[in-house]
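*Asks:* This is the structure I want to talk about, given as C-alpha cells.
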Amino acid sequence: MTTVISPPSAPATQPASPGRGRKALDAIDERLGIGALEYPVPAHANNLAWSLGGVTASAFGILIVTGFILVQFYSPVPETANASVRHIVTGVAGGWFVRGVHSWASQAMYVTAFLHLARVFFTGSYKKPREANWLIGVGMFGLVTLGLFTGTVLKWDQEGFEALGHNIEIGKLLGGAGLWFSPDFANKVPILVRLYGAHVVIVPGLILVMVVLHFLLVKRHKISPHPLLPTDESGSQAPAEEPTEPFTHHLRRIAAFGVGLFGLLGILAVVLPQEIGPPPVAGLEVTKPPWNFWWMFTLENWVGLGGILYGELAFFALLAILPFVDRNPNRYWRKRPIVMILALGLLLVLIALTALMAVTPAKQHLGM
Amino acid sequence: MGYVLVQQALGHLAHDKTASGMDAAMEKIGDVMKTKDQAGVNIAEVEQAKAAMEAGQAIQAQALLQHSITEALSNLMPATGEETGTKVVSDPLPGRGALGGGGWAFLAASLLLLLLGSGLAYRFKPADTVGQLRERLGTPTYQQTVAKPVAPSKDAS
C-alpha cells in the first residue's frame with residue numbers, strides 16, 4: 001500500500017489584523033468622516049515655512065485654552081480689573097504661569113501671523129487665484145492686532161489706559177465710523193466692559209469664522225506651488241509629478257510644532273514674566289505701548305494722533321491692494337524685483353520707526 | 001479736580017521713584033495746592049506728603065497722598081465710560097514671585113514639551129527637502145536657467 005503524502009497546503013495570506021488604535025480611528029471615521037482629511041497635499045507643504053499658518057493657529061489655540069482659565073478669575077469692572085489681574089498672579093494656583101503663557105502666546109500669534117504673511121508674499125502665493133484668501137489673511141492679521149490691543153487694555157494699568165485713550169481719540173478722528181470706540185456710544189457702561197466683550201467674543205469669534213473661510217479656500221485652491229519647483233500647465237498648482245502626503249501628516253507636523261511652541265511659551269512665562277503696571281490715573285501719559293505698536297507711535301510723535309490712524313490705514317491698504325497691483329505672474333523672488341524692493345523698503349521703514357521709539361521717552365499727546 | 005491731581009502725583013511716584021518722578025509728582029502737588037476744587041482732599045496731609053518728598057521719603061509720601069483723598073474716593077459713583085475707577089494707586093507688580101518648587105516644575109515641564117515638540121517635528125519632517133524635490137522633478141536651478149536659455153525651436157517665427 002502506497003501512502004501518498006500530500007504536501008502541506010500553503011497557509012493562506014491574510015491581512016494583518018488592525019491594531020486597537022486603527023480600529024478606534026476607523027470607528028470614529030465611520031461616524032464623523034475624518035478620513036476626508038487624508039486628501040493629498042504636495043510634499044513641500046510640510047516645510048516649516050509652509051506650516052507657519054498652522055503654527056499661528058496653534059498659538060490661537062493656546063490663547064483660547066489659557067483665556068478660558070483667565071476669564072474665571074478676571075473682573076472686567078474698572079474698580080477691580082487691575083486688582084483681579086494681580087490676584088491671578090499672586091492668589092490663584094499657577095495663575096501667573098497661565099497669564100504668562102497667554103501673554104507670550106499673543107506675541108507668538110502676532111509674530112507667526114506676520115511671518116506667515118511674509119512667506120506668502122515672498123513665494124508669491126497671493127497671486128491668482130488666491131487673492132481672496134490673501135485678503136482674508138490680511139483681515140485676520142488686523143484682528144490679531146486688535147486682539148493684542150484689547151488685551152493690553154484689559155490689564156487696566158496705566159499702559160492699557162493710555163492705549164485706550166489713544167484709541168478713543170483716534171475714534172474721534174474717524175468721525176461717525178469711530179463711534180463704537182467712543183465712551184459715548186454706551187455711556188452708562190464702562191468702556192472696559194465693552195472691550196472685554198470684544199476681546200473674549202467678537203475678536204476671537206471673527207478670527208474663527210475667517211480661519212474656517214481661510215481653510216476652505218486653501219482646500220479649494222490647493223496648497224500653492226513652491227516657486228523653486230515646476231508647476232502644472234495652469235501655473236498656479238503643484239505638478240502631478242510632485243510627491244504628495246496626506247493632509248493629516250501636515251496636521252500632525254503642525255501639532256508637533258504646537259507642542260514645541262507651548263513649551264517655548266512656558267519657558268518664556270517663567271523666565272520673562274510680564275509685569276502688571278500701577279492702576280490707571282486719568283491725565284497721565286508716562287508709558288509706552290507694546291513694541292508691536294511702536295512704529296505707529298513714532299509717527300504720532302512726528303505728526304500727532306493722526307499718524308497712528310493714517311499710518312495703520314496705509315499699511316493695511318498696501319497689503320490689501322498687493323494682489324491687484326502686482327500682476328507679474330512669476331512667483332520666484334528674483335523675477336519680481338520691483339515688488340521685492342518696495343517690500344524691503346517698507347520693512348526697513350517699519351524697523352527704523354520701531355527702533356526710534358525704543359530710544360524715545362514717552363511723550364504727552366492726549367488732550368493736547 | 002483736586003483728588004485726580006493727587007492721583008496723578010501718586011501715579012508719577014508709582015512709575016518712577018527717582019528724582020525725575022519725584023519732580024513730576026511735586027509739580028502735581030503744587031497744582032493741588034493751587035486748584036479751587038479741593039473737595040474731599042485733606043490739604044494738611046498733602047502738605048505733609050510734600051514735606052516727606054522734600055526729605056526724599058517717597059514711600060511715606062505715597063501713603064500720605066493716598067490717605068489724603070479718602071473722602072473724595074468714598075463719594076465716587078461706579079465708573080462708567082472711560083472713567084478709571086481707580087481707588088488705590090499701587091506700585092507695579094512683578095509677573096511672578098520668587099521661583100519656588102511650582103515655578104521650577106512649570107519650567108521643567110515646558111522644557112520637556114519644547115523637546116518633545118521639536119523631536120516630533122523632526123520625526124515628521126518631509127521625506128525630501130526642496131532641493132531633493134528639485135532633483136526628482138528635474139528642475140534646473142535659477143543659475144542654470146539664466147546661463148543656458150532655451151534655444152528657440154526651428155519652426156518658431
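Residues are referred to by chain and number: the chain letter is A, B, ... according to the order shown in the C-alpha cells, the number counts from 1 in that chain, and ligands are numbered separately from 1 in the order shown.
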At a cut-off of 9 Å, using only C-alpha atoms, what residues contact segment 91-104 of chain B? Leave out same-chain residues fewer than 2 positions from it and give the result as a short mmCIF file (atom, residue, chain, number, x, y, z; two decimals) with C-alpha atoms, in the first residue's frame.
*Replies:*
```cif
data_model
loop_
_atom_site.label_atom_id
_atom_site.label_comp_id
_atom_site.auth_asym_id
_atom_site.auth_seq_id
_atom_site.Cartn_x
_atom_site.Cartn_y
_atom_site.Cartn_z
CA ARG A 86 -2.86 90.94 40.49
CA VAL A 89 -0.68 86.36 39.70
CA THR A 90 -0.48 86.17 43.48
CA GLY A 94 -0.47 78.59 38.72
CA TRP A 96 0.94 83.66 36.96
CA PHE A 97 2.03 80.86 34.63
CA ARG A 99 -1.26 84.55 32.39
CA GLY A 100 2.36 84.48 31.27
CA ASP A 157 -2.93 99.51 34.23
CA ALA A 269 6.42 82.78 31.03
CA VAL A 270 8.81 81.59 33.74
CA LEU A 272 10.45 86.63 31.38
CA PRO A 273 7.25 87.19 33.39
CA GLN A 274 5.07 90.12 32.38
CA GLU A 275 4.80 92.88 34.97
CA ILE A 276 1.45 94.46 35.89
CA GLY A 277 1.61 98.23 36.00
CA PRO A 278 0.02 100.57 38.54
CA PRO A 279 -3.77 101.07 38.27
CA GLY B 11 0.87 107.81 39.51
CA LEU B 13 5.58 108.10 42.15
CA ALA B 14 4.31 104.61 41.33
CA HIS B 15 6.06 104.66 37.96
CA VAL B 89 -2.59 103.72 43.07
CA PHE B 106 6.50 74.58 35.19
CA LEU B 107 9.92 75.33 33.75
CA ALA B 108 10.89 71.65 33.58
CA ALA B 109 7.54 70.66 32.05
#
```
*Asks:* Give me the residues near Pro183 of chain A as a VMD selection string, where near means some atom within 10 Å (using only C-alpha atoms) and where sequence neighbours in that chain fewer than 4 positions away do not count.
*Replies:* (chain A and resid 168 171 179 187 to 192 194) or (chain B and resid 80 to 83)
*Asks:* Residues within 9 Å of Thr248 of chain A, please, as a ChimeraX atom specification. Count only C-alpha atoms; anything in the same chain fewer than 2 positions from it doesn't count.
*Replies:* /A:35,37-40,245-246,250-253
*Asks:* May I have the residues from that selection written out with N, CA and C atoms, as a PDB file, in the first residue's frame?
*Replies:*
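What follows is the written file out.pdb:
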```pdb
ATOM      1  N   GLY A  35     -11.720  60.723   7.766  1.00  0.00           N
ATOM      2  CA  GLY A  35     -10.834  60.233   6.701  1.00  0.00           C
ATOM      3  C   GLY A  35     -10.773  61.190   5.525  1.00  0.00           C
ATOM      4  N   LEU A  37      -9.992  64.038   5.640  1.00  0.00           N
ATOM      5  CA  LEU A  37      -8.825  64.918   5.818  1.00  0.00           C
ATOM      6  C   LEU A  37      -7.555  64.321   5.214  1.00  0.00           C
ATOM      7  N   GLU A  38      -7.649  63.082   4.764  1.00  0.00           N
ATOM      8  CA  GLU A  38      -6.438  62.427   4.250  1.00  0.00           C
ATOM      9  C   GLU A  38      -6.197  62.706   2.769  1.00  0.00           C
ATOM     10  N   TYR A  39      -6.736  63.824   2.293  1.00  0.00           N
ATOM     11  CA  TYR A  39      -6.520  64.148   0.877  1.00  0.00           C
ATOM     12  C   TYR A  39      -5.047  64.526   0.672  1.00  0.00           C
ATOM     13  N   PRO A  40      -4.537  64.305  -0.537  1.00  0.00           N
ATOM     14  CA  PRO A  40      -3.095  64.542  -0.748  1.00  0.00           C
ATOM     15  C   PRO A  40      -2.754  66.021  -0.874  1.00  0.00           C
ATOM     16  N   GLU A 245       1.705  63.921   0.236  1.00  0.00           N
ATOM     17  CA  GLU A 245       1.491  63.269   1.533  1.00  0.00           C
ATOM     18  C   GLU A 245       0.067  63.562   1.952  1.00  0.00           C
ATOM     19  N   PRO A 246      -0.516  62.726   2.793  1.00  0.00           N
ATOM     20  CA  PRO A 246      -1.880  63.043   3.251  1.00  0.00           C
ATOM     21  C   PRO A 246      -1.871  64.343   4.062  1.00  0.00           C
ATOM     22  N   HIS A 250       0.386  66.695   7.413  1.00  0.00           N
ATOM     23  CA  HIS A 250       0.623  68.127   7.586  1.00  0.00           C
ATOM     24  C   HIS A 250       0.105  68.560   8.964  1.00  0.00           C
ATOM     25  N   LEU A 251      -1.114  68.101   9.293  1.00  0.00           N
ATOM     26  CA  LEU A 251      -1.697  68.444  10.604  1.00  0.00           C
ATOM     27  C   LEU A 251      -0.846  67.880  11.735  1.00  0.00           C
ATOM     28  N   ARG A 252      -0.329  66.665  11.519  1.00  0.00           N
ATOM     29  CA  ARG A 252       0.492  66.001  12.541  1.00  0.00           C
ATOM     30  C   ARG A 252       1.738  66.824  12.834  1.00  0.00           C
ATOM     31  N   ARG A 253       2.365  67.337  11.780  1.00  0.00           N
ATOM     32  CA  ARG A 253       3.589  68.126  11.988  1.00  0.00           C
ATOM     33  C   ARG A 253       3.244  69.466  12.651  1.00  0.00           C
TER      34      ARG A 253
END
```
*Asks:* Measure the distance from atom CA of Gly91 of chain A to atom CA of Phe73 of chain A in Å and round it to one decimal.
*Replies:*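 According to the coordinates, atom CA of Gly91 of chain A and atom CA of Phe73 of chain A are separated by 10.0 Å.
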*Asks:* As an exercise, work out the distance from atom CA of Pro280 of chain A to atom CA of Thr150 of chain A in Å and give it to one decimal place.
*Replies:*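 These atoms are spaced 15.4 Å apart.
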*Asks:* Would you list the contacts of Asn133 of chain A as a list in words, taking every protein, DNA or RNA residue within 7 Å and counting only C-alpha atoms, but skipping same-chain residues closer than 3 positions in sequence?
*Replies:* Arg130, Ile136, Gly137, His214 and Leu217 of chain A
*Asks:* Can I get the selection written as a JSON list (two decimals), in the first residue's frame, with N, CA and C atoms?
*Replies:*
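Contents of part00.json, as written:
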```json
[["chain", "number", "residue", "atom", "x", "y", "z"],
["A", 130, "ARG", "N", -5.58, 83.11, -5.75],
["A", 130, "ARG", "CA", -5.64, 83.10, -4.28],
["A", 130, "ARG", "C", -5.75, 84.51, -3.69],
["A", 136, "ILE", "N", -8.38, 87.69, 3.17],
["A", 136, "ILE", "CA", -8.84, 87.13, 4.45],
["A", 136, "ILE", "C", -7.67, 87.09, 5.45],
["A", 137, "GLY", "N", -6.49, 86.71, 4.95],
["A", 137, "GLY", "CA", -5.31, 86.66, 5.82],
["A", 137, "GLY", "C", -4.95, 88.04, 6.35],
["A", 214, "HIS", "N", -10.63, 80.69, 5.48],
["A", 214, "HIS", "CA", -9.24, 80.58, 5.02],
["A", 214, "HIS", "C", -8.92, 79.12, 4.66],
["A", 217, "LEU", "N", -10.79, 77.90, 1.56],
["A", 217, "LEU", "CA", -10.21, 78.39, 0.32],
["A", 217, "LEU", "C", -8.87, 77.71, 0.03]]
```
*Asks:* Would you work out the distance separating atom CA of Ser20 of chain B from atom CA of Thr354 of chain A, expressed in Å to one decimal?
*Replies:*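 Separation between atom CA of Ser20 of chain B and atom CA of Thr354 of chain A: 25.2 Å.
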*Asks:* Could you write out, as a PyMOL selection string, all the residues of chain B that DSSP marks as helix (DSSP H, G or I)?
*Replies:* chain B and resi 2-15+19-34+43-54+58-68+70-74+101-123+130-137+142-147
*Asks:* Near Tyr126 of chain A, counting only C-alpha atoms, which residues have an atom at most 10 Å away, once you skip same-chain residues fewer than 5 positions from it, shown as a PyMOL selection string?
*Replies:* chain A and resi 117+119-121+131-135+137+224+322-324+326+331
*Asks:* Write to file, as an mmCIF file, in the first residue's frame, the residues of the selection just made, with C-alpha atoms.
*Replies:*
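Written out: selection_8.cif:
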```
data_model
loop_
_atom_site.group_PDB
_atom_site.id
_atom_site.type_symbol
_atom_site.label_atom_id
_atom_site.label_comp_id
_atom_site.auth_asym_id
_atom_site.auth_seq_id
_atom_site.Cartn_x
_atom_site.Cartn_y
_atom_site.Cartn_z
ATOM 1 C CA LEU A 117 2.122 86.796 5.608
ATOM 2 C CA ARG A 119 6.190 83.835 3.470
ATOM 3 C CA VAL A 120 3.051 84.078 1.351
ATOM 4 C CA PHE A 121 4.362 87.354 -0.052
ATOM 5 C CA GLU A 131 -6.277 86.866 -3.993
ATOM 6 C CA ALA A 132 -9.383 86.471 -1.828
ATOM 7 C CA ASN A 133 -7.551 84.246 0.625
ATOM 8 C CA TRP A 134 -4.781 86.840 0.879
ATOM 9 C CA LEU A 135 -7.407 89.437 1.792
ATOM 10 C CA GLY A 137 -5.309 86.660 5.817
ATOM 11 C CA SER A 224 0.279 76.974 -3.651
ATOM 12 C CA LEU A 322 -0.982 93.997 -3.336
ATOM 13 C CA PRO A 323 -2.502 91.138 -5.398
ATOM 14 C CA PHE A 324 -4.373 93.606 -7.576
ATOM 15 C CA ASP A 326 1.231 93.149 -8.695
ATOM 16 C CA ARG A 331 6.478 83.597 -8.092
#
```
*Asks:* Quick one: everything within 9 Å of Leu65 of chain B, counting only C-alpha atoms, minus sequence neighbours fewer than 6 positions away in the same chain. Send it as a PyMOL selection string.
*Replies:* chain B and resi 6-7+9-10+42+45-46+48-50
*Asks:* Would you pick out the contacts of Pro225 of chain A at 10 Å or less, using only C-alpha atoms, so that residues sharing its chain but fewer than 5 positions from it are not included, and give the list as a PyMOL selection string?
*Replies:* chain A and resi 42+44-45+123-125+230-232+235-239+242+331
*Asks:* As a ChimeraX atom specification, which residues of segment 216-336 of chain A does DSSP assign to strand (DSSP E or B)?
*Replies:* /A:244-246,276
